[in-house]
Amino acid sequence: MEYSPILHNLYVVPSSHVKNKLFVFCIMLSLWVYMIYCCVGYCSTMPNLAYGSVNRHENDSEVDNQESSLRASRDLLNNENDLDSRGEEWDEIRGEAKTLDDNAMSGFLNESESKKLPQAIIIGVKKGGTRALLEFLRLHPDIRAVGAEPHFFDRNYDKGLKWYRELMPKSSEGQLTMEKTPSYYVTKEVPARIYTMSKDTKLIVVVRDPVTRAISDYTQTRSKKPDILSFESLTFKNLSAGLIDTTWSAVQIGMYAKHLERWLQYFPTEQLLFVSGERLISDPAGEMARVQDFLGLRRVVTEKHFHFNPAKGFPCLKRPEVNSKPHCLGKTKGRTHPNIDPEVVKRLRDFYKPFNSKFYQMTGHDFGWD
């Protein structure tokens, strides 16, 4: 059979066209497989959180059925973050899922990204403003932070550092990995455990007027347990004698100096930064400048990232580069506090005064709560 150039072209051209299509299809398929792989890897940590929350809920119900209402009302220290953090965790999970979508392609192109143990941790305090600080920090391009509270050093330490590392988001060279769990600050075993992981870990503590913090703590608990005893009843062992119940977690957490003593046995003061919860609301950019300096980061998060919401009573976040609508913290923030007997408030202030004075001396900063 004779060779025909015309017939040859008829066969070659379609074959080349099919190969091009097949090549493009293979690339697209590879990208989709990689994105699915990332999503599956991310979600693999979620059953632990969800399962833990369900177990805690079931255990709490059993305890409530077995113990008296007074003891159940007072015994809040061991599950101090459960009541409010569940909703916050799922808010953060949704946010992280969006971040995953945004960063899937960059992660594919940058294979140097890996999961690392945190170099900085927000260790406290509950109802001090830790969620707000974490949200502010996550605006910084050099920070990668897990949203849901890991509770590794106080509840899950037996699972090991490998389990802990897997909870962290991937980060590249030059990025800082962070987490926040407010109960760390008041848990006795945590300072030694963090020191064992890394003695160079930077620690951030968000503190707030201990009286206001206690009332906020109570308000959060009451929103979940409406039948809880009154604030006044829980504050005092004996109301007529005026004896403060320091075993109640809402009171105990605010004894900042007492807890700080344990941390200073392992970490020097220059490795701890104390952030004012009040200033985080009144001057978020100023307080964020301190935090970014402490972490050795560029001052990227500035005044242009904040918009004060008078209805909420605290600043909301905005991304000026995309001219987006301000994003406020969840509905669990900014609850209206109940009216507390002024005499009870005065007695609490008198109780906290020596603790506050010592705390000012230990940190070298007067927070002006007295």
# chains A, B, ... in the order shown; residues from 1 in each chain; ligands from 1
>>> residues_around(residues="A:Thr302", least_positions_apart="6", cutoff="9 Å", atoms="only C-alpha atoms", output="MDAnalysis selection string")
chainID A and resid 284:286 288:289
>>> write_last_selection(atoms="C-alpha atoms", output="PDB file, in the first residue's frame")
ATOM      1  CA  PRO A 284      -7.060  46.623  69.796  1.00  0.00           C
ATOM      2  CA  ALA A 285      -4.425  47.965  67.392  1.00  0.00           C
ATOM      3  CA  GLY A 286      -2.214  49.171  70.240  1.00  0.00           C
ATOM      4  CA  MET A 288      -1.865  43.940  68.889  1.00  0.00           C
ATOM      5  CA  ALA A 289       1.320  45.921  68.275  1.00  0.00           C
TER       6      ALA A 289
END
>>> select_by_dssp(residues="stretch 111-328 of chain A", states="strand (DSSP E)", output="VMD selection string")
chain A and resid 114 to 115 120 to 124 143 to 145 170 to 171 176 to 180 202 to 207 236 to 238 243 to 244 272 to 276 306 to 309 314 to 317
>>> write_last_selection(atoms="C-alpha atoms", output="CSV table (one decimal), in the first residue's frame")
chain,number,residue,atom,x,y,z
A,114,SER,CA,4.5,20.7,57.3
A,115,LYS,CA,2.7,20.4,60.7
A,120,ALA,CA,3.6,30.2,71.0
A,121,ILE,CA,0.5,29.4,73.1
A,122,ILE,CA,-2.3,31.5,74.5
A,123,ILE,CA,-2.6,29.9,77.9
A,124,GLY,CA,-5.4,32.0,79.5
A,143,ILE,CA,0.6,33.0,61.8
A,144,ARG,CA,-1.1,29.6,61.5
A,145,ALA,CA,-3.3,28.7,64.4
A,170,LYS,CA,0.4,23.1,58.1
A,171,SER,CA,2.9,26.0,58.1
A,176,LEU,CA,4.5,30.7,63.5
A,177,THR,CA,2.2,27.9,64.7
A,178,MET,CA,-0.1,28.7,67.6
A,179,GLU,CA,-2.9,27.4,69.7
A,180,LYS,CA,-5.0,28.6,72.6
A,202,LYS,CA,6.3,31.9,74.1
A,203,LEU,CA,3.3,32.2,76.4
A,204,ILE,CA,0.5,34.8,76.2
A,205,VAL,CA,-2.0,35.5,79.0
A,206,VAL,CA,-5.0,37.7,78.4
A,207,VAL,CA,-6.2,39.1,81.7
A,236,PHE,CA,-19.7,33.0,99.4
A,237,LYS,CA,-19.3,30.0,101.6
A,238,ASN,CA,-21.3,31.9,104.2
A,243,LEU,CA,-16.4,34.3,103.5
A,244,ILE,CA,-15.4,34.0,99.8
A,272,LEU,CA,5.4,35.6,79.0
A,273,LEU,CA,3.3,38.4,77.7
A,274,PHE,CA,0.3,39.7,79.6
A,275,VAL,CA,-2.4,41.3,77.4
A,276,SER,CA,-5.0,43.6,78.8
A,306,PHE,CA,-10.7,47.0,63.2
A,307,HIS,CA,-14.2,48.4,63.2
A,308,PHE,CA,-15.9,49.0,66.5
A,309,ASN,CA,-19.4,47.7,66.8
A,314,PHE,CA,-16.2,45.3,71.0
A,315,PRO,CA,-14.3,45.6,67.8
A,316,CYS,CA,-15.0,43.6,64.7
A,317,LEU,CA,-12.5,42.6,62.1
>>> atom_distance(atom1="atom CA of A:Ala250", atom2="atom CA of A:Ala214")
4.9 Å
>>> closest_residue(among="A:Met362, A:Val322, A:Met197, A:Leu31", to="A:Glu270", atoms="only C-alpha atoms")
A:Met362
>>> closest_residue(among="A:Ser357, A:Thr201, A:Ser172, A:Gln292", to="A:Lys258", atoms="only C-alpha atoms")
A:Ser357
>>> closest_residue(among="A:His337, A:Gly277, A:Glu189, A:Thr363", to="A:Ala257", atoms="only C-alpha atoms")
A:Thr363
>>> closest_residue(among="A:Thr196, A:Thr269, A:Thr187, A:Ser216", to="A:Pro338", atoms="only C-alpha atoms")
A:Ser216
>>> closest_atom_pairs(of="stretch 312-370 of chain A", to="stretch 219-234 of chain A", cutoff="8 Å", atoms="only C-alpha atoms", output="Markdown table")
| residue | atom | partner | partner_atom | distance |
| --- | --- | --- | --- | --- |
| A:Arg335 | CA | A:Thr219 | CA | 7.5 |
| A:Thr336 | CA | A:Thr219 | CA | 7.9 |
| A:His337 | CA | A:Thr219 | CA | 6.1 |
| A:Pro338 | CA | A:Thr219 | CA | 7.1 |
| A:Ile340 | CA | A:Phe231 | CA | 7.4 |
| A:Asp341 | CA | A:Glu232 | CA | 7.7 |
| A:Val344 | CA | A:Glu232 | CA | 6.8 |
>>> atom_distance(atom1="atom CA of A:Thr246", atom2="atom CA of A:Lys126")
16.3 Å
>>> atom_distance(atom1="atom CA of A:Trp369", atom2="atom CA of A:Arg131")
21.5 Å
